[in-house]
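Structure below is data09.cif: mmCIF, N, CA and C atoms.
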data_entry
#
loop_
_atom_site.label_atom_id
_atom_site.label_comp_id
_atom_site.auth_asym_id
_atom_site.auth_seq_id
_atom_site.Cartn_x
_atom_site.Cartn_y
_atom_site.Cartn_z
N GLN S 1 -3.74 48.90 -4.28
CA GLN S 1 -3.15 49.11 -2.97
C GLN S 1 -1.74 48.60 -2.95
N GLY S 2 -0.95 49.12 -2.04
CA GLY S 2 0.44 48.74 -1.96
C GLY S 2 0.67 47.58 -1.05
N GLN S 3 1.93 47.18 -1.01
CA GLN S 3 2.34 46.06 -0.16
C GLN S 3 3.67 46.39 0.49
N LEU S 4 3.82 45.96 1.72
CA LEU S 4 5.04 46.19 2.48
C LEU S 4 5.60 44.85 2.92
N VAL S 5 6.88 44.65 2.68
CA VAL S 5 7.54 43.42 3.09
C VAL S 5 8.84 43.78 3.80
N GLU S 6 8.91 43.44 5.08
CA GLU S 6 10.10 43.70 5.87
C GLU S 6 10.96 42.44 5.98
N SER S 7 12.26 42.63 6.09
CA SER S 7 13.17 41.49 6.24
C SER S 7 14.44 41.95 6.94
N GLY S 8 15.24 40.98 7.35
CA GLY S 8 16.54 41.29 7.94
C GLY S 8 16.63 41.10 9.43
N GLY S 9 15.51 40.84 10.09
CA GLY S 9 15.55 40.64 11.53
C GLY S 9 16.27 39.35 11.89
N ASP S 10 16.83 39.33 13.10
CA ASP S 10 17.61 38.16 13.53
C ASP S 10 17.83 38.23 15.03
N LEU S 11 18.48 37.20 15.54
CA LEU S 11 18.90 37.17 16.93
C LEU S 11 20.36 37.60 16.98
N VAL S 12 20.65 38.65 17.74
CA VAL S 12 22.02 39.15 17.84
C VAL S 12 22.35 39.43 19.31
N GLN S 13 23.63 39.49 19.59
CA GLN S 13 24.06 39.84 20.94
C GLN S 13 24.07 41.36 21.11
N ALA S 14 23.95 41.77 22.33
CA ALA S 14 24.03 43.21 22.63
C ALA S 14 25.34 43.76 22.08
N GLY S 15 25.24 44.94 21.49
CA GLY S 15 26.40 45.55 20.86
C GLY S 15 26.52 45.23 19.39
N GLY S 16 25.74 44.30 18.92
CA GLY S 16 25.80 43.90 17.53
C GLY S 16 25.03 44.84 16.61
N SER S 17 25.01 44.48 15.34
CA SER S 17 24.37 45.31 14.31
C SER S 17 23.47 44.47 13.42
N LEU S 18 22.48 45.12 12.87
CA LEU S 18 21.59 44.50 11.88
C LEU S 18 21.17 45.56 10.89
N ARG S 19 20.84 45.10 9.69
CA ARG S 19 20.28 45.99 8.68
C ARG S 19 18.94 45.42 8.24
N LEU S 20 17.90 46.19 8.48
CA LEU S 20 16.56 45.80 8.06
C LEU S 20 16.26 46.39 6.70
N SER S 21 15.49 45.64 5.91
CA SER S 21 15.09 46.11 4.59
C SER S 21 13.58 46.09 4.48
N CYS S 22 13.07 46.99 3.66
CA CYS S 22 11.63 47.07 3.42
C CYS S 22 11.41 47.27 1.93
N THR S 23 10.64 46.37 1.35
CA THR S 23 10.21 46.54 -0.03
C THR S 23 8.80 47.10 0.01
N ALA S 24 8.63 48.25 -0.61
CA ALA S 24 7.34 48.93 -0.55
C ALA S 24 6.82 49.15 -1.96
N SER S 25 5.80 48.43 -2.33
CA SER S 25 5.18 48.63 -3.64
C SER S 25 3.92 49.45 -3.45
N GLY S 26 3.72 50.37 -4.35
CA GLY S 26 2.56 51.23 -4.22
C GLY S 26 2.97 52.68 -4.19
N ARG S 27 2.24 53.49 -4.92
CA ARG S 27 2.62 54.89 -5.08
C ARG S 27 2.67 55.64 -3.76
N ILE S 28 1.80 55.28 -2.85
CA ILE S 28 1.74 55.99 -1.58
C ILE S 28 3.06 55.88 -0.82
N TYR S 29 3.75 54.77 -1.02
CA TYR S 29 5.01 54.58 -0.33
C TYR S 29 6.17 55.19 -1.12
N GLN S 30 6.01 55.33 -2.38
CA GLN S 30 7.10 55.81 -3.22
C GLN S 30 7.28 57.32 -3.12
N THR S 31 6.21 58.03 -2.86
CA THR S 31 6.27 59.49 -2.93
C THR S 31 6.23 60.18 -1.58
N GLY S 32 5.93 59.42 -0.55
CA GLY S 32 5.72 60.06 0.74
C GLY S 32 6.84 59.87 1.74
N ILE S 33 6.59 60.41 2.93
CA ILE S 33 7.50 60.22 4.03
C ILE S 33 7.30 58.79 4.54
N MET S 34 8.38 58.11 4.78
CA MET S 34 8.32 56.73 5.25
C MET S 34 8.96 56.63 6.64
N ALA S 35 8.60 55.58 7.34
CA ALA S 35 9.09 55.42 8.70
C ALA S 35 9.26 53.95 9.06
N TRP S 36 10.08 53.72 10.06
CA TRP S 36 10.19 52.42 10.69
C TRP S 36 9.55 52.51 12.06
N TYR S 37 8.84 51.45 12.41
CA TYR S 37 8.17 51.35 13.69
C TYR S 37 8.61 50.06 14.38
N ARG S 38 8.36 49.97 15.67
CA ARG S 38 8.59 48.71 16.36
C ARG S 38 7.53 48.50 17.42
N GLN S 39 7.30 47.22 17.70
CA GLN S 39 6.25 46.88 18.65
C GLN S 39 6.67 45.68 19.47
N THR S 40 6.44 45.76 20.77
CA THR S 40 6.65 44.63 21.67
C THR S 40 5.29 44.15 22.15
N PRO S 41 5.20 42.91 22.58
CA PRO S 41 3.90 42.35 22.99
C PRO S 41 3.21 43.19 24.06
N GLY S 42 1.95 43.48 23.82
CA GLY S 42 1.16 44.23 24.78
C GLY S 42 1.34 45.72 24.73
N ASN S 43 2.18 46.19 23.82
CA ASN S 43 2.45 47.62 23.72
C ASN S 43 2.05 48.15 22.34
N GLN S 44 1.93 49.45 22.25
CA GLN S 44 1.59 50.06 20.97
C GLN S 44 2.80 50.08 20.06
N ARG S 45 2.53 50.27 18.80
CA ARG S 45 3.57 50.38 17.81
C ARG S 45 4.14 51.78 17.84
N ASP S 46 5.43 51.91 18.03
CA ASP S 46 6.08 53.21 18.14
C ASP S 46 6.98 53.46 16.94
N MET S 47 7.00 54.69 16.48
CA MET S 47 7.90 55.06 15.40
C MET S 47 9.31 55.25 15.95
N VAL S 48 10.31 54.73 15.23
CA VAL S 48 11.69 54.91 15.66
C VAL S 48 12.49 55.80 14.72
N ALA S 49 12.06 55.88 13.46
CA ALA S 49 12.80 56.70 12.51
C ALA S 49 11.90 57.05 11.33
N MET S 50 12.13 58.21 10.73
CA MET S 50 11.38 58.61 9.57
C MET S 50 12.31 59.28 8.56
N ILE S 51 11.90 59.24 7.29
CA ILE S 51 12.72 59.83 6.24
C ILE S 51 11.82 60.40 5.15
N THR S 52 12.13 61.61 4.73
CA THR S 52 11.39 62.22 3.64
C THR S 52 11.92 61.70 2.30
N ARG S 53 11.22 62.02 1.25
CA ARG S 53 11.67 61.57 -0.06
C ARG S 53 13.03 62.21 -0.40
N GLY S 54 13.25 63.38 0.13
CA GLY S 54 14.51 64.07 -0.12
C GLY S 54 15.64 63.65 0.77
N GLY S 55 15.34 62.80 1.75
CA GLY S 55 16.40 62.27 2.61
C GLY S 55 16.53 62.90 3.97
N ASP S 56 15.66 63.83 4.32
CA ASP S 56 15.69 64.36 5.69
C ASP S 56 15.19 63.29 6.66
N THR S 57 15.84 63.20 7.80
CA THR S 57 15.52 62.13 8.75
C THR S 57 15.24 62.68 10.14
N ASN S 58 14.60 61.86 10.92
CA ASN S 58 14.37 62.15 12.33
C ASN S 58 14.26 60.83 13.06
N TYR S 59 14.68 60.84 14.33
CA TYR S 59 14.76 59.60 15.10
C TYR S 59 14.16 59.77 16.48
N ALA S 60 13.65 58.67 17.02
CA ALA S 60 13.26 58.65 18.42
C ALA S 60 14.52 58.79 19.26
N ASP S 61 14.38 59.42 20.41
CA ASP S 61 15.54 59.65 21.27
C ASP S 61 16.22 58.34 21.65
N SER S 62 15.45 57.28 21.79
CA SER S 62 16.01 56.01 22.24
C SER S 62 16.96 55.37 21.23
N VAL S 63 16.88 55.77 19.97
CA VAL S 63 17.73 55.16 18.95
C VAL S 63 18.67 56.15 18.29
N LYS S 64 18.55 57.40 18.65
CA LYS S 64 19.36 58.44 18.02
C LYS S 64 20.84 58.15 18.22
N GLY S 65 21.59 58.22 17.13
CA GLY S 65 23.01 57.95 17.19
C GLY S 65 23.37 56.49 16.99
N ARG S 66 22.37 55.62 17.00
CA ARG S 66 22.62 54.19 16.83
C ARG S 66 21.95 53.63 15.56
N PHE S 67 20.81 54.20 15.20
CA PHE S 67 20.07 53.73 14.03
C PHE S 67 20.18 54.76 12.90
N THR S 68 20.18 54.26 11.67
CA THR S 68 20.19 55.13 10.51
C THR S 68 19.17 54.63 9.50
N ILE S 69 18.25 55.51 9.14
CA ILE S 69 17.24 55.18 8.14
C ILE S 69 17.69 55.71 6.79
N SER S 70 17.40 54.96 5.73
CA SER S 70 17.75 55.39 4.38
C SER S 70 16.72 54.85 3.42
N ARG S 71 16.76 55.37 2.20
CA ARG S 71 15.82 54.91 1.19
C ARG S 71 16.47 54.95 -0.17
N ASP S 72 16.05 54.06 -1.02
CA ASP S 72 16.47 54.04 -2.42
C ASP S 72 15.20 54.23 -3.24
N ASN S 73 14.97 55.47 -3.66
CA ASN S 73 13.73 55.79 -4.34
C ASN S 73 13.59 55.04 -5.67
N ALA S 74 14.69 54.79 -6.33
CA ALA S 74 14.64 54.10 -7.62
C ALA S 74 14.18 52.65 -7.45
N LYS S 75 14.51 52.06 -6.32
CA LYS S 75 14.18 50.65 -6.08
C LYS S 75 12.98 50.48 -5.16
N ASN S 76 12.44 51.60 -4.66
CA ASN S 76 11.32 51.54 -3.70
C ASN S 76 11.70 50.70 -2.49
N MET S 77 12.90 50.91 -2.02
CA MET S 77 13.40 50.17 -0.87
C MET S 77 13.72 51.14 0.26
N PHE S 78 13.52 50.67 1.47
CA PHE S 78 13.83 51.44 2.67
C PHE S 78 14.64 50.56 3.61
N TYR S 79 15.54 51.20 4.35
CA TYR S 79 16.46 50.44 5.17
C TYR S 79 16.55 51.05 6.58
N LEU S 80 16.89 50.20 7.52
CA LEU S 80 17.19 50.67 8.87
C LEU S 80 18.46 49.97 9.31
N GLN S 81 19.54 50.73 9.36
CA GLN S 81 20.81 50.21 9.87
C GLN S 81 20.83 50.41 11.37
N MET S 82 20.99 49.33 12.10
CA MET S 82 20.95 49.38 13.56
C MET S 82 22.31 48.94 14.10
N THR S 83 22.91 49.76 14.91
CA THR S 83 24.20 49.44 15.51
C THR S 83 24.10 49.55 17.02
N ASN S 84 25.11 49.00 17.70
CA ASN S 84 25.14 49.03 19.17
C ASN S 84 23.78 48.63 19.75
N LEU S 85 23.27 47.52 19.28
CA LEU S 85 21.94 47.08 19.69
C LEU S 85 21.90 46.74 21.17
N LYS S 86 20.76 47.03 21.77
CA LYS S 86 20.53 46.79 23.19
C LYS S 86 19.36 45.83 23.37
N PRO S 87 19.32 45.13 24.49
CA PRO S 87 18.17 44.22 24.71
C PRO S 87 16.82 44.93 24.59
N GLU S 88 16.76 46.19 24.96
CA GLU S 88 15.49 46.92 24.86
C GLU S 88 15.09 47.25 23.42
N ASP S 89 15.96 46.96 22.47
CA ASP S 89 15.61 47.11 21.06
C ASP S 89 14.84 45.89 20.54
N THR S 90 14.75 44.86 21.34
CA THR S 90 14.01 43.66 20.94
C THR S 90 12.56 44.01 20.65
N ALA S 91 12.10 43.67 19.45
CA ALA S 91 10.75 44.02 19.02
C ALA S 91 10.52 43.47 17.62
N VAL S 92 9.29 43.55 17.17
CA VAL S 92 8.98 43.33 15.76
C VAL S 92 9.03 44.70 15.09
N TYR S 93 9.78 44.77 14.01
CA TYR S 93 9.98 46.03 13.30
C TYR S 93 9.15 46.04 12.01
N TYR S 94 8.53 47.19 11.76
CA TYR S 94 7.69 47.38 10.59
C TYR S 94 8.09 48.66 9.86
N CYS S 95 7.88 48.68 8.56
CA CYS S 95 7.98 49.93 7.82
C CYS S 95 6.58 50.31 7.34
N ASN S 96 6.38 51.60 7.16
CA ASN S 96 5.10 52.10 6.68
C ASN S 96 5.23 53.59 6.42
N LYS S 97 4.17 54.18 5.91
CA LYS S 97 4.17 55.61 5.72
C LYS S 97 4.21 56.27 7.09
N TYR S 98 4.66 57.51 7.10
CA TYR S 98 4.72 58.30 8.32
C TYR S 98 3.33 58.48 8.90
N ARG S 99 3.20 58.32 10.21
CA ARG S 99 1.93 58.47 10.91
C ARG S 99 0.89 57.44 10.47
N ALA S 100 1.35 56.28 10.11
CA ALA S 100 0.42 55.19 9.79
C ALA S 100 -0.33 54.79 11.06
N THR S 101 -1.57 54.38 10.89
CA THR S 101 -2.38 53.96 12.03
C THR S 101 -2.71 52.48 11.89
N ARG S 102 -3.39 51.97 12.88
CA ARG S 102 -3.74 50.55 12.84
C ARG S 102 -4.72 50.25 11.71
N TYR S 103 -5.32 51.28 11.16
CA TYR S 103 -6.29 51.10 10.09
C TYR S 103 -5.63 51.05 8.72
N ASP S 104 -4.33 51.34 8.68
CA ASP S 104 -3.59 51.26 7.42
C ASP S 104 -3.10 49.83 7.20
N ARG S 105 -2.71 49.56 5.96
CA ARG S 105 -2.17 48.24 5.63
C ARG S 105 -0.77 48.12 6.23
N TRP S 106 -0.48 47.00 6.88
CA TRP S 106 0.84 46.74 7.46
C TRP S 106 1.39 45.43 6.91
N GLY S 107 2.71 45.33 6.88
CA GLY S 107 3.35 44.09 6.52
C GLY S 107 3.41 43.14 7.71
N GLN S 108 4.11 42.05 7.55
CA GLN S 108 4.19 41.05 8.61
C GLN S 108 5.25 41.41 9.66
N GLY S 109 6.10 42.37 9.32
CA GLY S 109 7.14 42.77 10.26
C GLY S 109 8.30 41.79 10.25
N THR S 110 9.37 42.18 10.92
CA THR S 110 10.54 41.31 11.05
C THR S 110 11.02 41.37 12.50
N GLN S 111 11.27 40.20 13.07
CA GLN S 111 11.62 40.10 14.48
C GLN S 111 13.10 40.37 14.72
N VAL S 112 13.36 41.30 15.62
CA VAL S 112 14.72 41.57 16.08
C VAL S 112 14.79 41.19 17.55
N THR S 113 15.72 40.32 17.87
CA THR S 113 15.91 39.90 19.25
C THR S 113 17.36 40.14 19.64
N VAL S 114 17.55 40.90 20.72
CA VAL S 114 18.90 41.24 21.18
C VAL S 114 19.11 40.59 22.54
N SER S 115 20.09 39.71 22.61
CA SER S 115 20.37 39.02 23.86
C SER S 115 21.44 39.78 24.65
N SER S 116 21.31 39.70 25.96
CA SER S 116 22.27 40.41 26.82
C SER S 116 23.49 39.56 27.12
#

Would you kindly transcribe this structure into C-alpha cells?
Amino acid sequence: QGQLVESGGDLVQAGGSLRLSCTASGRIYQTGIMAWYRQTPGNQRDMVAMITRGGDTNYADSVKGRFTISRDNAKNMFYLQMTNLKPEDTAVYYCNKYRATRYDRWGQGTQVTVSS
C-alpha cells in the first residue's frame, strides 16, 4: 500500500502565498489522477484541484485563478501553489487520488491558517 505525506502548511496573512507539497509513494498515486482536498472542522472533505498524469488540471470555483496544482512524476511529488490567500481558505489540506473516499488511505494533512 502507498503512503501520503503532506507538508508546507503555515499561518499566513490574507493575500499571502503558500506552496504545499505531497510525497506519494505507491503505484496507485504514481499513475493516476491526483487531487488536493481540504477540510474544516465539522465539514466534509472537498476537492480543490486535480491533475492528470499528463498535466491536465481542474479547479474548484472557489480557488480558480489563485491556486495551481502541479506534479513531478519522476519524483512522485505533487504540489499546490496557493496565492492571494483568503481567510476562508483556512483548512487542513490533503492530497490523494482523484475521488478518494473516507475508506481510502489518507495522510495526516497539513494545516493552512489565513488570518484577516

### Message
Ranking S:Arg102, S:Arg19, S:Arg53, S:Arg45 by minimum distance to S:Gly32 and counting all atoms listed in the file, which one comes first?
### Response
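Among S:Arg102, S:Arg19, S:Arg53, S:Arg45, it is S:Arg53 that comes nearest to S:Gly32.
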
### Query
Mind telling me what the PyMOL selection byres (((chain S and resi 76 and name CA) around 9) and name CA) catches here, as a PyMOL selection string?
chain S and resi 22-26+29-30+71-75+77-78

### Task
Report the residues retrieved by the PyMOL selection byres (((chain S and resi 15 and name CA) around 7) and name CA) from the displayed file, expressed as a list in words.
Gln13, Ala14, Gly16, Ser17, Thr83, Asn84, Leu85 and Lys86 of chain S

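Taking only stretch 18-109 of chain S, the residues that DSSP calls helix (DSSP H, G or I) from the backbone come to S:Arg27, S:Ile28, S:Tyr29, S:Gln30, S:Thr31, S:Pro87, S:Glu88, S:Asp89.
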
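The smallest atom-to-atom distance between S:Asn96 and any of S:Gly42, S:Tyr37, S:Gln111, S:Ser116, using all atoms listed in the file, is found for S:Tyr37.
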
### Query
What is the distance between atom N of S:Cys95 and atom C of S:Ser115, in Å to one decimal?
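These two atoms are separated by 22.8 Å.
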
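Against this structure, the PyMOL selection byres (((chain S and resi 90 and name CA) around 9) and name CA) ends up with Arg38, Gln39, Thr40, Leu85, Lys86, Pro87, Glu88, Asp89, Ala91, Val92, Tyr93, Gln111, Val112, Thr113, Val114 and Ser115 of chain S.
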
### Task
Report the distance between atom CA of S:Leu18 and atom N of S:Gly2 in Å, rounded to one decimal place.
26.9 Å

### Message
Report, in Å to a single decimal, how far apart atom C of S:Ser7 and atom N of S:Ser62 are.
### Response
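Atom-to-atom, atom N of S:Ser62 to atom C of S:Ser7, that is 21.4 Å.
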
### Those of chain S in DSSP strand (DSSP E or B), formatted as a ChimeraX atom specification
/S:3-7,11-13,18-25,34-39,46-51,57-59,67-72,77-82,91-97,110-115
